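Shown next, in structure tokens, is the structure this report addresses.
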Amino acid sequence: MFHPDTQFLIDHWTSLARRPASRGGIPARAAVEPDLLGLRLPRAFMARRAGDDAVIRLAGGWIEAFHGRRLAERTLLSLWRPASRPLVSTALIQTVREGRPVVIVATAGGGAAQIEVALLPLRGPSGEPDRLLGLYAPAATLTLATDEPRQLTARVSVGVGPATRAPLSLAAVHGRRIA
């Protein structure tokens with residue numbers, strides 16, 4: 001069972017993905033109306049995929065205050081402790097490859113506070129699934145001391161709902177293998 005804000009975003013994304021204009025079950029970035037996020041907007045972010053990472057384009061004020069810095073043009077993996085980065089990178093790849101939301105359950109403040117970070121794939125202007133909508137959903141009010149590290153520790157990630165894109169498979173053309 002997810003945080004109510006995480007579930008809200010997943011339900012909203014699912015409704016966008018079911019629209020006829022949605023290609024391959026992944027809605028376009030332009031279909032997202034930020035006003036519909038309401039009070040969740042300060043905890044939302046938009047990122048552009050860059051290989052196994054993503055570059056943050058926009059981050060809400062709550063997220064920037066939590067990390068103690070402006071986040072535009074920073075990589076998403078830089079917000080996580082080094083030991084958590086492989087799991088987060090895998091979650092980034094999974095959300096796009098499978099065309100479904102992925103939720104990372106993490107801790108902050110030395111493990112004292114739990115937080116969910118939802119990642120949802122979107123199609124950019126090119127039509128490729130190269131954008132991510134994200135949301136931080138803390139289980140409780142997070143108050144960190146000034147000197148506490150502002151990086152997250154990933155505990156587990158989980159794909160939500162059925163994968164909407166077919167799994168990748170090998171194919172052959174004129175006897176030559178292609179992906």
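Residue names in the structure tokens use chain letters A, B, ... in the order shown, residue numbers from 1 in each chain, and ligand numbers from 1 in the order shown.
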
Residue list (helix (DSSP H, G or I), DSSP) for region 42-137 of chain A, as a ChimeraX atom specification | /A:42-43,61-67,77-79,82-98

Can you write out the residues you just picked, keeping N, CA, C and O atoms, as a CSV table (one decimal), in the first residue's frame?
```
chain,number,residue,atom,x,y,z
A,42,PRO,N,4.9,21.1,-4.9
A,42,PRO,CA,6.2,21.4,-4.4
A,42,PRO,C,7.1,20.1,-4.2
A,42,PRO,O,8.3,20.2,-4.0
A,43,ARG,N,6.4,18.9,-4.2
A,43,ARG,CA,7.2,17.7,-4.0
A,43,ARG,C,7.4,16.9,-5.3
A,43,ARG,O,7.8,15.8,-5.3
A,61,GLY,N,9.8,23.3,-4.8
A,61,GLY,CA,10.4,24.0,-3.7
A,61,GLY,C,10.7,23.1,-2.5
A,61,GLY,O,11.7,23.2,-1.9
A,62,TRP,N,9.8,22.2,-2.2
A,62,TRP,CA,10.0,21.2,-1.1
A,62,TRP,C,11.2,20.4,-1.3
A,62,TRP,O,12.0,20.2,-0.4
A,63,ILE,N,11.3,19.8,-2.5
A,63,ILE,CA,12.5,19.0,-2.9
A,63,ILE,C,13.8,19.7,-2.8
A,63,ILE,O,14.8,19.2,-2.2
A,64,GLU,N,13.8,20.9,-3.3
A,64,GLU,CA,15.0,21.7,-3.3
A,64,GLU,C,15.4,22.1,-1.8
A,64,GLU,O,16.6,22.1,-1.5
A,65,ALA,N,14.4,22.4,-1.0
A,65,ALA,CA,14.7,22.7,0.4
A,65,ALA,C,15.2,21.5,1.1
A,65,ALA,O,16.1,21.6,1.9
A,66,PHE,N,14.6,20.3,0.8
A,66,PHE,CA,15.0,19.1,1.4
A,66,PHE,C,16.5,18.8,1.1
A,66,PHE,O,17.3,18.4,2.0
A,67,HIS,N,16.9,19.0,-0.1
A,67,HIS,CA,18.3,18.7,-0.5
A,67,HIS,C,19.2,19.9,-0.3
A,67,HIS,O,20.4,19.7,-0.4
A,77,LEU,N,20.7,10.7,-10.0
A,77,LEU,CA,21.5,9.8,-9.2
A,77,LEU,C,22.4,10.6,-8.1
A,77,LEU,O,22.7,10.0,-7.1
A,78,SER,N,22.7,11.8,-8.4
A,78,SER,CA,23.5,12.6,-7.4
A,78,SER,C,22.7,12.8,-6.1
A,78,SER,O,23.3,13.2,-5.1
A,79,LEU,N,21.4,12.6,-6.1
A,79,LEU,CA,20.6,12.8,-4.9
A,79,LEU,C,20.6,11.6,-4.0
A,79,LEU,O,20.0,11.7,-2.9
A,82,PRO,N,25.9,6.8,-2.8
A,82,PRO,CA,26.5,5.9,-3.8
A,82,PRO,C,26.1,4.5,-3.8
A,82,PRO,O,25.9,3.9,-4.9
A,83,ALA,N,25.9,3.9,-2.7
A,83,ALA,CA,25.5,2.5,-2.6
A,83,ALA,C,24.0,2.3,-3.2
A,83,ALA,O,23.7,1.2,-3.6
A,84,SER,N,23.2,3.3,-3.2
A,84,SER,CA,21.8,3.2,-3.7
A,84,SER,C,21.7,3.5,-5.2
A,84,SER,O,20.7,3.1,-5.8
A,85,ARG,N,22.8,4.0,-5.8
A,85,ARG,CA,22.7,4.4,-7.2
A,85,ARG,C,22.4,3.3,-8.2
A,85,ARG,O,21.6,3.5,-9.1
A,86,PRO,N,23.0,2.1,-8.0
A,86,PRO,CA,22.6,1.0,-9.0
A,86,PRO,C,21.1,0.6,-8.9
A,86,PRO,O,20.5,0.4,-10.0
A,87,LEU,N,20.5,0.6,-7.7
A,87,LEU,CA,19.1,0.3,-7.6
A,87,LEU,C,18.3,1.4,-8.3
A,87,LEU,O,17.3,1.1,-9.0
A,88,VAL,N,18.6,2.7,-8.1
A,88,VAL,CA,17.9,3.8,-8.6
A,88,VAL,C,18.0,3.8,-10.2
A,88,VAL,O,17.1,4.0,-10.9
A,89,SER,N,19.2,3.5,-10.6
A,89,SER,CA,19.5,3.5,-12.1
A,89,SER,C,18.6,2.4,-12.7
A,89,SER,O,18.0,2.6,-13.8
A,90,THR,N,18.6,1.2,-12.1
A,90,THR,CA,17.7,0.1,-12.6
A,90,THR,C,16.3,0.5,-12.6
A,90,THR,O,15.5,0.2,-13.5
A,91,ALA,N,15.8,1.2,-11.6
A,91,ALA,CA,14.4,1.7,-11.5
A,91,ALA,C,14.1,2.7,-12.7
A,91,ALA,O,13.1,2.6,-13.3
A,92,LEU,N,15.1,3.6,-13.0
A,92,LEU,CA,14.9,4.5,-14.1
A,92,LEU,C,14.8,3.8,-15.4
A,92,LEU,O,13.9,4.1,-16.2
A,93,ILE,N,15.6,2.8,-15.6
A,93,ILE,CA,15.5,2.0,-16.8
A,93,ILE,C,14.2,1.2,-16.9
A,93,ILE,O,13.6,1.2,-17.9
A,94,GLN,N,13.8,0.6,-15.8
A,94,GLN,CA,12.6,-0.2,-15.7
A,94,GLN,C,11.4,0.6,-16.1
A,94,GLN,O,10.5,0.1,-16.8
A,95,THR,N,11.2,1.8,-15.5
A,95,THR,CA,10.0,2.6,-15.7
A,95,THR,C,9.8,2.9,-17.2
A,95,THR,O,8.7,2.9,-17.7
A,96,VAL,N,10.9,3.2,-17.9
A,96,VAL,CA,10.8,3.5,-19.4
A,96,VAL,C,10.7,2.2,-20.2
A,96,VAL,O,9.8,2.1,-21.1
A,97,ARG,N,11.5,1.2,-19.9
A,97,ARG,CA,11.5,-0.1,-20.7
A,97,ARG,C,10.1,-0.7,-20.6
A,97,ARG,O,9.6,-1.3,-21.5
A,98,GLU,N,9.5,-0.8,-19.3
A,98,GLU,CA,8.3,-1.4,-19.1
A,98,GLU,C,7.1,-0.5,-19.3
A,98,GLU,O,5.9,-1.0,-19.3
```

Option closest in space to Val32 (chain A), from A:Ala47, A:Ala118, A:Leu133, A:Ile10 [counting only C-alpha atoms] = A:Leu133

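Each of A:Gly60, A:Arg18, A:Val55, A:Gly38 was compared to Glu73 (chain A) using only C-alpha atoms, and A:Val55 turns out to be the nearest.
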
Measuring atom to atom with only C-alpha atoms, identify which of A:Thr107, A:Ala139, A:Gly134, A:His12 is nearest to Ala31 (chain A).
->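 Selected residue with least distance to Ala31 (chain A): A:His12.
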
Which polymer residues have any atom within 9 Å of an atom of region 135-137 of chain A, counting only C-alpha atoms, with same-chain residues fewer than 3 positions away left out, as an MDAnalysis selection string?
-> chainID A and resid 3:6 9 40:46 62:63 114:120 140

Got a sec: who's within 9 Å of Ile26 (chain A), counting only C-alpha atoms, leaving out chain neighbours fewer than 5 positions off, as a PyMOL selection string?
-> chain A and resi 13-14+16-18+96+99-100+120-123+129+164-165

Take the residues just selected and output them with N, CA, C and O atoms as an mmCIF file, in the first residue's frame.
```
data_model
loop_
_atom_site.group_PDB
_atom_site.id
_atom_site.type_symbol
_atom_site.label_atom_id
_atom_site.label_comp_id
_atom_site.auth_asym_id
_atom_site.auth_seq_id
_atom_site.Cartn_x
_atom_site.Cartn_y
_atom_site.Cartn_z
ATOM 1 N N TRP A 13 -1.545 9.227 -13.664
ATOM 2 C CA TRP A 13 -0.737 8.794 -14.807
ATOM 3 C C TRP A 13 -1.469 7.688 -15.568
ATOM 4 O O TRP A 13 -1.496 7.689 -16.805
ATOM 5 N N THR A 14 -2.067 6.737 -14.847
ATOM 6 C CA THR A 14 -2.796 5.636 -15.484
ATOM 7 C C THR A 14 -3.954 6.161 -16.323
ATOM 8 O O THR A 14 -4.192 5.684 -17.443
ATOM 9 N N LEU A 16 -4.086 9.073 -17.773
ATOM 10 C CA LEU A 16 -3.476 9.679 -18.964
ATOM 11 C C LEU A 16 -3.017 8.607 -19.956
ATOM 12 O O LEU A 16 -3.152 8.759 -21.166
ATOM 13 N N ALA A 17 -2.471 7.507 -19.433
ATOM 14 C CA ALA A 17 -1.959 6.431 -20.280
ATOM 15 C C ALA A 17 -3.069 5.718 -21.039
ATOM 16 O O ALA A 17 -2.827 5.138 -22.100
ATOM 17 N N ARG A 18 -4.284 5.752 -20.520
ATOM 18 C CA ARG A 18 -5.414 5.080 -21.164
ATOM 19 C C ARG A 18 -6.087 5.928 -22.241
ATOM 20 O O ARG A 18 -6.947 5.437 -22.956
ATOM 21 N N VAL A 96 10.920 3.158 -17.946
ATOM 22 C CA VAL A 96 10.817 3.464 -19.377
ATOM 23 C C VAL A 96 10.673 2.178 -20.187
ATOM 24 O O VAL A 96 9.827 2.088 -21.079
ATOM 25 N N GLY A 99 7.275 0.772 -19.406
ATOM 26 C CA GLY A 99 6.179 1.703 -19.596
ATOM 27 C C GLY A 99 5.194 1.716 -18.451
ATOM 28 O O GLY A 99 3.981 1.727 -18.656
ATOM 29 N N ARG A 100 5.713 1.744 -17.236
ATOM 30 C CA ARG A 100 4.852 1.774 -16.056
ATOM 31 C C ARG A 100 5.546 2.494 -14.917
ATOM 32 O O ARG A 100 6.770 2.638 -14.925
ATOM 33 N N LEU A 120 7.579 8.100 -13.068
ATOM 34 C CA LEU A 120 6.580 7.768 -14.077
ATOM 35 C C LEU A 120 7.080 8.219 -15.442
ATOM 36 O O LEU A 120 7.495 9.367 -15.599
ATOM 37 N N PRO A 121 7.055 7.329 -16.440
ATOM 38 C CA PRO A 121 7.584 7.680 -17.766
ATOM 39 C C PRO A 121 6.620 8.562 -18.557
ATOM 40 O O PRO A 121 5.397 8.409 -18.472
ATOM 41 N N LEU A 122 7.194 9.466 -19.328
ATOM 42 C CA LEU A 122 6.429 10.337 -20.221
ATOM 43 C C LEU A 122 7.166 10.440 -21.549
ATOM 44 O O LEU A 122 8.386 10.281 -21.603
ATOM 45 N N ARG A 123 6.418 10.740 -22.601
ATOM 46 C CA ARG A 123 7.021 10.966 -23.908
ATOM 47 C C ARG A 123 7.326 12.447 -24.068
ATOM 48 O O ARG A 123 6.502 13.284 -23.755
ATOM 49 N N PRO A 129 10.040 8.009 -25.126
ATOM 50 C CA PRO A 129 9.819 8.052 -23.674
ATOM 51 C C PRO A 129 11.097 8.502 -22.950
ATOM 52 O O PRO A 129 11.820 7.711 -22.366
ATOM 53 N N THR A 164 3.294 -2.161 -19.806
ATOM 54 C CA THR A 164 2.488 -1.835 -20.978
ATOM 55 C C THR A 164 3.247 -2.014 -22.280
ATOM 56 O O THR A 164 2.650 -1.980 -23.337
ATOM 57 N N ARG A 165 4.539 -2.175 -22.188
ATOM 58 C CA ARG A 165 5.343 -2.354 -23.393
ATOM 59 C C ARG A 165 5.816 -3.793 -23.451
ATOM 60 O O ARG A 165 6.144 -4.399 -22.442
#
```

Strand (DSSP E) call set, DSSP backbone run, chain A, as JSON, numbers by chain = {"A": [44, 45, 46, 47, 48, 49, 50, 53, 54, 55, 56, 57, 58, 59, 102, 103, 104, 105, 106, 107, 108, 113, 114, 115, 116, 117, 118, 119, 120, 121, 122, 131, 132, 133, 134, 135, 136, 137, 138, 153, 154, 155, 156, 157, 158, 159, 171, 172, 173, 176, 177, 178]}

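Relative to CA of Asp130 (chain A), CA of Ser157 (chain A) is found at 19.8 Å.
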
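Put simply, CA of Phe8 (chain A) is 26.1 Å away from CA of Arg70 (chain A).
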